[in-house]
Structures are given as C-alpha cells and as structure tokens.
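Visitor: Shown below is the structure under consideration.
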Amino acid sequence: MSTAAVLHVAGARPNFPKAAPVIRALDRFGIRQRLIHTGQHYDERMSDVFFRQLGLREPDINLGVGSGSHASQTAAIMTHLEELLVADPPELTVIYGDVNSALAAALVATKLHIPVAHVEAGLRSFDRSMPEEVNRIVVDRVSDLLFATSPDAAVHLGNEGIAADRIYLVGNPMIDTLLDNLDRFDIAGIRAALALPDRYIVATLHRPANVDDPVDANDLVKAMHSVADQIPVILPLHPRGRSHLENAGLLSHRALRVVEPLGYIEFVSLVRGAAAVVTDSGGVQEETTMLGVPCLTLRPNTERPITITHGTNRLVSRAALAEVVASTLKAERPATWRTPPLWDGKAGERIAEVIAGELGL
C-alpha cells in the first residue's frame, strides 16, 4: 500500500501559502498525505522559513533541484519525481500554481496514470510569452480535478472544453492563509525593524519581461527611480534578474532600498503598511486585493483580472508609473473596496471535501 493517499508537490515560494490550508483540511479527514518540495526555490528565505511561519509540516522529501533553464529544471524535477511515484504511487497528486514544478509533476503523474488535482486552475493571461502561461495551459489540460479561484478562471476552463464536472469554484487558499494570519501582521514592528517612515512603497520585481533583457532592466530602474523621487521605496529583491537590475544602477538612488527576500509574515506585514505596492507578481496582486492596498502591476496583462474588478489592482506601464504613483499617493488608500467571491478563508476546506469525496471518504 502507498504511504500516502495524497501527494502534494510544491517548489516555489507562492506554493506554500496555497498548500498549507489544503493540507490542514485534509488532515481533519484523516487522509494520509506526503509533501514533496522540489527545491525550485532553494534559498532558506525563499522557502524553508514559510514552513515554520505557516505551521506547515516539513516536506517528506526535498528534491533540491535548484535553479537552471526551464528545460533543465523541469527535466530534473520530472526525473526525480518519476522515480518516487513509480516506487510509491499515491491515489492523487495535488499540484499548486504555475511554476515549472507544477508542469513537471503534472506530466509525470499523468503518464503514470495517477490522477492530478490542480489548485489555482484556469488562470489565463492569454500571453504565451510568459512561461507560466504555457505551464498553466498544459497542467489544466491533463488534470482530473480543477480547482478555480475565481469565476473567470472557471469560465476559461469551460471555454477550453474541460467538462463541467471536473471544475470546482472553491475560492483562493492563499487568502485562507492570509486571513488566518491577520493578527500576526505587525506593521509597526516591520517599520521599526527596517527603519521605515510612516509612508513608503513596497516593490517586488522579477518577471522575465521586466528584468531579463538589459534594455528592459534599464527602463525598469529609471521607472523605479522616478517613484523613489516621490516616496521611499523598499524592494525585497528576488535572486532572479538581480544582476541586471544592479548593473542598471538600481542601488544608486538614496530613497530606494534593497533588502533580501523576507519571510511570509514579515513580507505581508510590510505590504499591509504600505501606501502602495509596485509589483509584477501574481500573488501580491491577490494579497493587496484583500488588504485594500493600492497595487500597481507592471505588466500589460494579468491572469488575475478579478483583482482589478474586485480589488485595488491596476495595470501600469513603466512609462506611466511615475504619474500613476503620484495620483495614487494623492488619493491615499481606499476606505472600502470590493473583494472576490469565495475569498472567505474556506477554500482549503472546500478543496478537501472534493478530494475526500473522490477518495471515497
């Protein structure tokens, strides 16, 4: 008999706040579970600290694949996972998000005839220049259970010909984690720890379209300096693209401060206290939507349009960023804002109920 009925595969920082509420909810059903960390994010600040802060069980196995090209990273994960799943196949593999770990796990499990559940299914930017968009499409195509975080995601899946009885609109488990930890987000504490003023902007920037090409990196740095001309900026800097941004002079502005990646509690505390956030991250768009923090997304599109229609998010170009920041700061943070349906802290429970039913419990 397999050592686990459900195998969870995670590998990057955003996966862990999504997995934590699902794992906890499945525990309440008494379902045997294993957690594999692929090691796609391998820095302690990028992953391990999340396990401690979220009360998430330590991974049963860490594949430790590290960084690399898309092909080499995906191939390394697939090779390791295949060995594990052949030796000890679960009844269901649960995959989170849209990183290379998700793609690799979906392909391996499907070819071994192990059912796949995709948490965060149906998100679409309709921009295949984004590696994550390709991953999303492939993972959804081979998944057996598709858990959508928003109504538009469920519609996309239906439009792609996926049967309605495989699609479940469950809400957003990342928001479960945020709501569970609201009392732990310490704005005053993080301001004191980082010596920040009352008003500041948080930035997170790592997408290939912004940082991989030196010309784009130069444009991005100029845009961020124009923000720092108006208000202090703090930037927890992802390893990806760091050299290009620093070579473009990122650190030359005295009001723009770069720090190492933060733990979950510290980072969301920082975001919660910000006047606004400048980002190209998907998860940050969701967190700011719930916290009512103005979010300026430096991308031409988003796979999370509900954060615009039901939140505080806005798509902004690098050229327009300075002007939009000025108007955002003048308007200040909204007193009230809309939040998406079913983003109520119970997505993990809904997912667990479906999985338990599939397992005959």
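Labels for the structure tokens follow display order: chains A, B, ..., residues from 1 in each chain, ligands from 1.
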Just want the 7 Å neighbourhood of range 200-212 of chain A, counted on only C-alpha atoms, with same-chain residues fewer than 3 positions away dropped. Output as a list in words.
Guide: Pro197, Asp216, Ala217, Leu220, Ile231, Pro232, Val233, Ile234, Leu235, Pro236, Leu237, His238, Arg240, Gly241, His244, Leu245, Val271, Ala274, Ala275, Ala276, Val277, Val278, Thr279, Asp280 and Ser281 of chain A
Visitor: I want to know what sits within 10 Å of range 149-161 of chain A, based on only C-alpha atoms, with residues of the same chain fewer than 3 positions away left out; could you give that as number ranges by chain?
Guide: A: 119-124, 137, 140-141, 146, 164, 166-175, 303-307, 340-343, 347
Visitor: Go ahead and dump the residues you just picked, C-alpha atoms, as a short mmCIF file (atom, residue, chain, number, x, y, z; two decimals), in the first residue's frame.
Guide:
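The resulting file, again-v1.cif, is shown below:
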data_model
loop_
_atom_site.label_atom_id
_atom_site.label_comp_id
_atom_site.auth_asym_id
_atom_site.auth_seq_id
_atom_site.Cartn_x
_atom_site.Cartn_y
_atom_site.Cartn_z
CA VAL A 119 -5.15 24.13 -7.29
CA GLU A 120 -5.41 27.55 -8.99
CA ALA A 121 -6.67 26.16 -12.29
CA GLY A 122 -7.99 28.26 -15.15
CA LEU A 123 -5.96 31.44 -14.70
CA ARG A 124 -5.11 32.92 -18.08
CA ILE A 137 -2.44 25.53 -20.11
CA ASP A 140 -5.01 22.18 -16.79
CA ARG A 141 -5.27 20.05 -19.91
CA LEU A 146 -9.52 21.58 -11.47
CA ALA A 164 -18.04 20.96 -16.06
CA ARG A 166 -14.20 18.38 -13.34
CA ILE A 167 -14.25 22.11 -12.49
CA TYR A 168 -14.78 23.33 -8.92
CA LEU A 169 -15.04 27.00 -8.00
CA VAL A 170 -13.60 26.92 -4.48
CA GLY A 171 -12.07 30.33 -3.76
CA ASN A 172 -8.43 31.08 -3.05
CA PRO A 173 -6.44 29.05 -0.49
CA MET A 174 -3.73 31.72 -0.44
CA ILE A 175 -6.36 34.02 1.04
CA GLU A 303 -4.06 36.23 -15.25
CA ARG A 304 -5.90 37.58 -12.21
CA PRO A 305 -8.31 40.18 -13.64
CA ILE A 306 -10.58 39.74 -10.64
CA THR A 307 -8.01 41.70 -8.62
CA PRO A 340 -13.79 38.49 -4.85
CA PRO A 341 -16.50 35.92 -4.16
CA LEU A 342 -15.49 32.93 -2.01
CA TRP A 343 -12.27 34.59 -0.87
CA ALA A 347 -11.12 27.43 0.14
#
Visitor: Mind checking DSSP for range 33-254 of chain A and telling me the alpha helix (DSSP H) residues as a ChimeraX atom specification?
Guide: /A:48-53,70-87,100-111,131-142,151-159,173-180,187-193,208-211,214-228,242-247
Visitor: Using only C-alpha atoms, which of the listed residues (A:Asn247, A:Asn135, A:Ser101, A:Ser2) sits closest to Pro14 in chain A?
Guide: A:Ser101
Visitor: Just checking: using only C-alpha atoms, which residue out of A:Leu359, A:Ile95, A:Leu291, A:Ala10 ends up closest to Leu63 in chain A?
Guide: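 The closest residue to Leu63 in chain A is A:Ala10.
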Visitor: Taking only C-alpha atoms into account, produce a table as JSON lines in which each residue of range 181-300 of chain A with an atom at most 9 Å from an atom of range 310-315 of chain A appears once, together with its shortest atom pair and the distance in Å to one decimal, ordered by chain and rising number.
Guide:
{"residue": "A:Gln285", "atom": "CA", "partner": "A:Asn313", "partner_atom": "CA", "distance": 6.3}
{"residue": "A:Glu286", "atom": "CA", "partner": "A:Gly311", "partner_atom": "CA", "distance": 8.2}
{"residue": "A:Thr288", "atom": "CA", "partner": "A:Thr312", "partner_atom": "CA", "distance": 6.8}
{"residue": "A:Thr289", "atom": "CA", "partner": "A:Gly311", "partner_atom": "CA", "distance": 4.4}
{"residue": "A:Met290", "atom": "CA", "partner": "A:Gly311", "partner_atom": "CA", "distance": 7.1}
{"residue": "A:Leu291", "atom": "CA", "partner": "A:Thr312", "partner_atom": "CA", "distance": 8.9}
{"residue": "A:Gly292", "atom": "CA", "partner": "A:Thr312", "partner_atom": "CA", "distance": 6.2}
{"residue": "A:Val293", "atom": "CA", "partner": "A:Thr312", "partner_atom": "CA", "distance": 6.4}
{"residue": "A:Pro294", "atom": "CA", "partner": "A:Thr312", "partner_atom": "CA", "distance": 5.1}
{"residue": "A:Cys295", "atom": "CA", "partner": "A:Asn313", "partner_atom": "CA", "distance": 4.5}
{"residue": "A:Leu296", "atom": "CA", "partner": "A:Arg314", "partner_atom": "CA", "distance": 5.1}
{"residue": "A:Thr297", "atom": "CA", "partner": "A:Leu315", "partner_atom": "CA", "distance": 4.8}
{"residue": "A:Leu298", "atom": "CA", "partner": "A:Leu315", "partner_atom": "CA", "distance": 6.2}
{"residue": "A:Arg299", "atom": "CA", "partner": "A:Leu315", "partner_atom": "CA", "distance": 6.1}
{"residue": "A:Pro300", "atom": "CA", "partner": "A:Leu315", "partner_atom": "CA", "distance": 6.4}
Visitor: List the spatial neighbours of Ala106 in chain A as a ChimeraX atom specification - criterion: any atom at most 9 Å away, only C-alpha atoms, same-chain residues fewer than 2 positions off excluded.
Guide: /A:93-95,101-104,108-111,116-118,138-140,142-143
Visitor: Would you save the residues from that selection as a CSV table (one decimal), in the first residue's frame, using C-alpha atoms?
Guide:
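Below you can see out_1.csv, which holds the result:
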chain,number,residue,atom,x,y,z
A,93,THR,CA,-1.3,14.1,-6.8
A,94,VAL,CA,-2.1,17.7,-5.9
A,95,ILE,CA,-0.3,20.5,-7.7
A,101,SER,CA,7.4,22.2,-10.6
A,102,ALA,CA,3.7,22.2,-11.4
A,103,LEU,CA,4.3,21.3,-15.0
A,104,ALA,CA,6.8,18.6,-14.2
A,108,VAL,CA,4.9,12.7,-14.6
A,109,ALA,CA,1.8,11.8,-12.7
A,110,THR,CA,-0.4,11.8,-15.8
A,111,LYS,CA,2.0,9.4,-17.7
A,116,VAL,CA,-4.0,15.0,-10.8
A,117,ALA,CA,-5.7,17.9,-9.0
A,118,HIS,CA,-4.7,21.4,-9.9
A,138,VAL,CA,-0.6,22.2,-20.1
A,139,VAL,CA,-1.3,21.4,-16.4
A,140,ASP,CA,-5.0,22.2,-16.8
A,142,VAL,CA,-4.0,16.9,-18.1
A,143,SER,CA,-5.6,17.5,-14.7
Visitor: Could you list, as JSON, numbers by chain, every residue within 12 Å of range 74-85 of chain A, counting only C-alpha atoms and ignoring same-chain residues fewer than 5 positions away?
Guide: {"A": [2, 3, 4, 5, 6, 7, 8, 9, 10, 11, 34, 35, 36, 37, 38, 39, 40, 60, 61, 62, 63, 64, 65, 66, 67, 68, 69, 90, 91, 92, 93, 99, 100, 101, 102, 103, 104, 105, 106, 107, 108, 109, 110, 111, 112, 113, 114, 115, 131, 135]}
Visitor: Considering only C-alpha atoms, state which residue in the set A:Asp344, A:Leu196, A:Ala25, A:Val134 is at the smallest distance from Gly273 in chain A.
Guide: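 The answer is A:Leu196, which sits nearest to Gly273 in chain A.
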Visitor: Quick check, in Å to one decimal: how far apart do CA of Val227 in chain A and CA of Val284 in chain A lie?
Guide: 18.6 Å
Visitor: Identify which of the residues A:Arg136, A:Lys18, A:Arg350, A:Arg32 lies closest to Thr177 in chain A, counting only C-alpha atoms when measuring atom-to-atom distances.
Guide: A:Lys18
Visitor: Find, counting only C-alpha atoms, the residue in A:Phe126, A:Glu58, A:Asp176, A:Lys222 that gets nearest to Lys346 in chain A.
Guide: A:Asp176
Visitor: So, counting only C-alpha atoms, which residue among A:Asp219, A:Glu287, A:Glu353, A:Glu266 is closest to Ala319 in chain A?
Guide: A:Asp219
Visitor: Please measure the separation of CA of Gly249 in chain A and CA of Phe267 in chain A, giving the value in Å to one decimal.
Guide: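 Distance between the two atoms: 24.2 Å.
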